[in-house]
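Listing of data.cif; format and content: mmCIF, C-alpha atoms.
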```
data_entry
loop_
_atom_site.label_atom_id
_atom_site.label_comp_id
_atom_site.auth_asym_id
_atom_site.auth_seq_id
_atom_site.Cartn_x
_atom_site.Cartn_y
_atom_site.Cartn_z
CA MET A 1 18.47 25.66 26.15
CA VAL A 2 15.85 23.55 24.39
CA ALA A 3 15.85 19.82 25.04
CA GLU A 4 15.87 17.78 21.86
CA ALA A 5 13.32 15.05 21.43
CA PRO A 6 14.87 11.59 21.23
CA ALA A 7 15.37 10.47 17.66
CA ALA A 8 12.70 8.10 16.42
CA PRO A 9 13.96 4.62 15.62
CA PRO A 10 14.53 4.15 11.89
CA GLN A 11 11.49 2.79 10.08
CA PRO A 12 12.07 -0.59 8.49
CA GLU A 13 12.40 -0.32 4.73
CA PHE A 14 10.49 -3.55 4.18
CA VAL A 15 7.08 -4.28 5.66
CA VAL A 16 5.29 -7.61 6.02
CA GLY A 17 3.15 -8.12 2.92
CA ASP A 18 5.43 -6.13 0.60
CA TYR A 19 6.53 -7.68 -2.65
CA VAL A 20 10.30 -7.48 -3.02
CA VAL A 21 12.91 -8.52 -5.57
CA TYR A 22 15.92 -10.60 -4.66
CA PRO A 23 18.23 -10.50 -7.71
CA THR A 24 19.03 -14.21 -8.00
CA HIS A 25 15.54 -15.47 -7.15
CA GLY A 26 13.11 -12.88 -8.51
CA VAL A 27 9.92 -11.62 -6.87
CA GLY A 28 8.97 -12.76 -3.37
CA ARG A 29 6.78 -11.55 -0.56
CA VAL A 30 7.94 -10.39 2.88
CA THR A 31 6.19 -12.72 5.33
CA GLY A 32 7.90 -11.59 8.49
CA ILE A 33 10.58 -9.57 10.19
CA VAL A 34 11.98 -11.62 13.04
CA ASN A 35 14.74 -11.48 15.64
CA GLU A 36 16.84 -14.63 15.90
CA GLU A 37 20.03 -15.62 17.60
CA ILE A 38 22.50 -17.11 15.12
CA ALA A 39 25.99 -18.17 16.21
CA GLY A 40 25.68 -16.05 19.34
CA HIS A 41 24.58 -12.89 17.50
CA ARG A 42 21.11 -11.35 17.68
CA LEU A 43 19.99 -10.57 14.15
CA THR A 44 16.89 -8.98 12.73
CA LEU A 45 15.95 -10.95 9.62
CA ILE A 46 13.61 -10.20 6.76
CA VAL A 47 11.76 -13.40 5.86
CA VAL A 48 10.97 -13.56 2.14
CA GLU A 49 8.85 -16.32 0.63
CA PHE A 50 9.05 -17.29 -3.02
CA GLU A 51 5.81 -19.19 -3.61
CA GLU A 52 6.70 -20.51 -7.03
CA ASN A 53 9.77 -22.47 -5.92
CA ARG A 54 8.53 -22.98 -2.35
CA MET A 55 11.57 -21.29 -0.95
CA VAL A 56 11.99 -19.14 2.15
CA LEU A 57 14.91 -16.75 2.38
CA ARG A 58 16.06 -15.01 5.57
CA VAL A 59 18.08 -11.87 4.90
CA PRO A 60 19.66 -9.90 7.76
CA VAL A 61 18.30 -6.33 7.72
CA ALA A 62 21.88 -5.01 7.90
CA LYS A 63 22.81 -6.95 4.73
CA ALA A 64 19.60 -6.43 2.75
CA LYS A 65 20.97 -3.58 0.60
CA THR A 66 24.31 -5.25 -0.15
CA ALA A 67 22.53 -8.54 -0.93
CA GLY A 68 20.49 -6.64 -3.51
CA LEU A 69 17.09 -7.01 -1.84
CA ARG A 70 14.89 -4.18 -3.11
CA LYS A 71 11.30 -3.06 -3.37
CA LEU A 72 9.48 -3.55 -6.66
CA SER A 73 10.54 -1.23 -9.45
CA SER A 74 8.70 2.00 -9.98
CA ARG A 75 6.07 2.28 -12.70
CA LYS A 76 8.55 4.46 -14.63
CA ALA A 77 11.27 1.77 -14.50
CA ILE A 78 8.83 -0.90 -15.74
CA ASP A 79 7.68 1.41 -18.54
CA LEU A 80 11.34 1.86 -19.52
CA ALA A 81 11.76 -1.93 -19.51
CA LEU A 82 8.68 -2.31 -21.73
CA SER A 83 10.04 0.29 -24.15
CA THR A 84 13.37 -1.60 -24.15
CA LEU A 85 11.44 -4.64 -25.42
CA LYS A 86 10.31 -2.61 -28.43
CA GLY A 87 13.88 -1.82 -29.48
CA ARG A 88 16.00 -3.68 -32.01
CA ALA A 89 17.74 -6.80 -30.77
CA ARG A 90 21.43 -6.25 -30.22
CA VAL A 91 23.17 -9.56 -30.66
CA LYS A 92 26.92 -9.46 -30.35
CA ARG A 93 28.97 -11.68 -32.59
CA THR A 94 30.89 -13.21 -29.71
CA MET A 95 30.91 -16.85 -28.75
CA TRP A 96 27.64 -18.11 -27.27
CA SER A 97 29.29 -19.10 -23.96
CA ARG A 98 30.44 -15.50 -23.40
CA ARG A 99 27.04 -14.05 -24.37
CA ALA A 100 25.28 -16.60 -22.13
CA GLN A 101 27.40 -15.45 -19.18
CA GLU A 102 26.52 -11.82 -19.91
CA TYR A 103 22.81 -12.67 -20.18
CA GLU A 104 22.91 -14.61 -16.88
CA ALA A 105 24.64 -11.67 -15.18
CA LYS A 106 21.94 -9.29 -16.46
CA ILE A 107 19.16 -11.59 -15.22
CA ASN A 108 20.81 -12.01 -11.82
CA SER A 109 21.32 -8.25 -11.50
CA GLY A 110 17.59 -7.97 -10.82
CA ASP A 111 17.43 -4.79 -12.94
CA PRO A 112 14.20 -4.93 -15.00
CA ILE A 113 15.75 -2.94 -17.86
CA ALA A 114 18.73 -5.31 -18.11
CA ILE A 115 16.37 -8.30 -17.98
CA ALA A 116 14.23 -6.70 -20.72
CA GLU A 117 17.39 -6.41 -22.86
CA VAL A 118 17.92 -10.18 -22.52
CA VAL A 119 14.29 -10.88 -23.46
CA ARG A 120 14.53 -8.53 -26.44
CA ASP A 121 17.85 -9.94 -27.67
CA LEU A 122 16.77 -13.59 -27.39
CA HIS A 123 13.18 -13.19 -28.61
CA ARG A 124 12.45 -15.01 -31.87
CA ASN A 125 9.58 -14.05 -34.16
CA ALA A 126 7.95 -16.44 -36.60
CA GLY A 127 10.24 -17.08 -39.56
CA GLN A 128 13.45 -16.66 -37.57
CA PRO A 129 15.82 -19.56 -36.92
CA ASP A 130 15.12 -21.76 -33.90
CA GLN A 131 16.92 -21.21 -30.63
CA SER A 132 19.30 -23.65 -29.04
CA PHE A 133 18.18 -25.31 -25.81
CA SER A 134 20.37 -23.03 -23.66
CA GLU A 135 19.18 -19.89 -25.50
CA ARG A 136 15.57 -20.89 -24.91
CA GLN A 137 16.28 -21.60 -21.21
CA ILE A 138 17.87 -18.19 -20.66
CA TYR A 139 15.07 -16.48 -22.62
CA GLU A 140 12.41 -18.22 -20.53
CA GLN A 141 14.21 -17.39 -17.27
CA ALA A 142 14.42 -13.70 -18.24
CA MET A 143 10.80 -13.65 -19.43
CA ASP A 144 9.68 -15.28 -16.17
CA ARG A 145 11.55 -12.73 -14.00
CA LEU A 146 10.20 -9.77 -15.96
CA ALA A 147 6.64 -11.17 -15.96
CA ALA A 148 6.79 -11.79 -12.18
CA GLU A 149 7.76 -8.19 -11.44
CA LEU A 150 5.23 -6.78 -13.91
CA ALA A 151 2.52 -8.99 -12.39
CA ALA A 152 3.31 -7.78 -8.85
CA ILE A 153 3.33 -4.13 -9.94
CA GLU A 154 0.11 -4.35 -11.95
CA GLN A 155 -1.51 -6.70 -9.39
CA VAL A 156 -2.35 -9.35 -11.98
CA ASP A 157 -1.33 -12.99 -12.25
CA LYS A 158 1.91 -13.98 -13.97
CA PRO A 159 0.30 -15.48 -17.13
CA THR A 160 -1.53 -12.17 -17.73
CA ALA A 161 1.73 -10.23 -17.31
CA ALA A 162 3.57 -12.68 -19.63
CA ALA A 163 0.83 -12.22 -22.25
CA LYS A 164 1.30 -8.43 -22.03
CA LEU A 165 5.06 -8.84 -22.53
CA ALA A 166 4.44 -11.11 -25.53
CA THR A 167 2.09 -8.50 -27.02
CA VAL A 168 4.77 -5.79 -26.61
CA LEU A 169 7.37 -8.06 -28.25
CA LYS A 170 5.08 -8.84 -31.21
CA ALA A 171 4.36 -5.15 -31.73
CA ALA A 172 8.09 -4.40 -31.93
#
```
Can you turn what I pasted into structure tokens?
Amino acid sequence: MVAEAPAAPPQPEFVVGDYVVYPTHGVGRVTGIVNEEIAGHRLTLIVVEFEENRMVLRVPVAKAKTAGLRKLSSRKAIDLALSTLKGRARVKRTMWSRRAQEYEAKINSGDPIAIAEVVRDLHRNAGQPDQSFSERQIYEQAMDRLAAELAAIEQVDKPTAAAKLATVLKAA
């Protein structure tokens, strides 16, 4: 009978220094993986820093997937998001409050393709009617999220990534 080697401990999915996406906050950087005792329980926490809003988030490793924490999108997913920007805007004829809720849900999903749909649908070219304040806010939030992920993937700063997105939108 052959003795089996002990199973190797599972490798952590997130490593210090990785850029990650937390759906409701956007792109952050893993700054640590720590063990802490909270309410009598020992937890391993992923520490994520969001530089832009000076926020630190601690996500239990066991809850990371269900909380929506994920690695950056693949190059293929970002290319799909960029091609989504080139499509025709699909604006439903429902009340703005309902559409705004749908747009917010897409942004908070963290899915770059869904966020690109929001950017595409709310983008206004020269000669089109002005946006309302809330439309502009949602557009800017979606644009910011998409630019942050594109910047992290392409290893450029956010203004450069936003300029690339604007170029794609103008070409559409």
Next item on the list: Take CA of Val47 (chain A) and CA of Gln141 (chain A) and report the distance between them in Å, one decimal.
Entry: 23.6 Å
Next item on the list: Mind checking which residues fall within 10 Å of Val15 (chain A), counting all atoms listed in the file, ignoring those fewer than 2 positions away in the same chain, and posting them as a count of residues only?
Entry: 13
Next item on the list: Calculate how many Å separate CA of Ile138 (chain A) from CA of Lys63 (chain A), rounding to one decimal.
Entry: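 Distance between the two atoms: 28.2 Å.
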Note to self: I need the output of the PyMOL selection byres ((chain A and resi 56) around 12) for this file as a ChimeraX atom specification; which residues are they?
What the structure shows: /A:22,25,27-32,45-55,57-59
Next item on the list: Identify, on the basis of only C-alpha atoms, every residue whose closest approach to Ala89 (chain A) does not exceed 12 Å; exclude the query and any residue fewer than 4 positions from it along the same chain; express the result as a PyMOL selection string.
Entry: chain A and resi 84-85+116-125+169+172
Mind telling me what the PyMOL selection byres ((chain A and resi 95-109) around 8) catches here, as a PDB file with C-alpha atoms, in the frame of the given file?
```
ATOM      1  CA  PRO A  23      18.230 -10.500  -7.710  1.00  0.00           C
ATOM      2  CA  THR A  24      19.030 -14.210  -8.000  1.00  0.00           C
ATOM      3  CA  HIS A  25      15.540 -15.470  -7.150  1.00  0.00           C
ATOM      4  CA  LYS A  92      26.920  -9.460 -30.350  1.00  0.00           C
ATOM      5  CA  ARG A  93      28.970 -11.680 -32.590  1.00  0.00           C
ATOM      6  CA  THR A  94      30.890 -13.210 -29.710  1.00  0.00           C
ATOM      7  CA  GLY A 110      17.590  -7.970 -10.820  1.00  0.00           C
ATOM      8  CA  ASP A 111      17.430  -4.790 -12.940  1.00  0.00           C
ATOM      9  CA  ALA A 114      18.730  -5.310 -18.110  1.00  0.00           C
ATOM     10  CA  ILE A 115      16.370  -8.300 -17.980  1.00  0.00           C
ATOM     11  CA  VAL A 118      17.920 -10.180 -22.520  1.00  0.00           C
ATOM     12  CA  GLU A 135      19.180 -19.890 -25.500  1.00  0.00           C
ATOM     13  CA  ILE A 138      17.870 -18.190 -20.660  1.00  0.00           C
ATOM     14  CA  GLN A 141      14.210 -17.390 -17.270  1.00  0.00           C
ATOM     15  CA  ALA A 142      14.420 -13.700 -18.240  1.00  0.00           C
ATOM     16  CA  ARG A 145      11.550 -12.730 -14.000  1.00  0.00           C
TER      17      ARG A 145
END
```
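Put simply, CA of Met143 (chain A) is 9.2 Å away from CA of Ala166 (chain A).
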Notebook entry, point to check: With only C-alpha atoms as the atoms that count, which of A:Leu43, A:Ala171, A:Val21, A:Ala161 lies nearest to Ala62 (chain A)?
Noted result: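 Once distances to Ala62 (chain A) are computed over only C-alpha atoms, the minimum belongs to A:Leu43.
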Next item on the list: Can you work out which one of A:Glu140, A:Glu154, A:Gly87, A:Ala148 has the shortest atom-to-atom distance to Lys170 (chain A), counting only C-alpha atoms?
Entry: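 For Lys170 (chain A), the nearest of the candidates is A:Gly87.
For the choices A:Asn35, A:Ser73, A:Ser134, A:Ser83, the atom-to-atom distance to Ala152 (chain A) is smallest for A:Ser73 when using only C-alpha atoms.
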Next item on the list: Run the PyMOL selection byres ((chain A and resi 78) around 10) mentally over the shown coordinates, then write out the matched residues as a ChimeraX atom specification, using the chain letters and numbers from the document.
Entry: /A:72-77,79-84,111-113,116,146,149-150,153
Note to self: Using only C-alpha atoms for the distances, tell me which of A:Ala147, A:Gln137, A:Arg70, A:Lys86 is nearest to Ala162 (chain A).
What the structure shows: A:Ala147
Margin query: Taking all atoms listed in the file into account, name the residue in A:His41, A:Tyr139, A:Arg90, A:Phe14 that is nearest to Val61 (chain A).
Written below: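 Among A:His41, A:Tyr139, A:Arg90, A:Phe14, it is A:Phe14 that comes nearest to Val61 (chain A).
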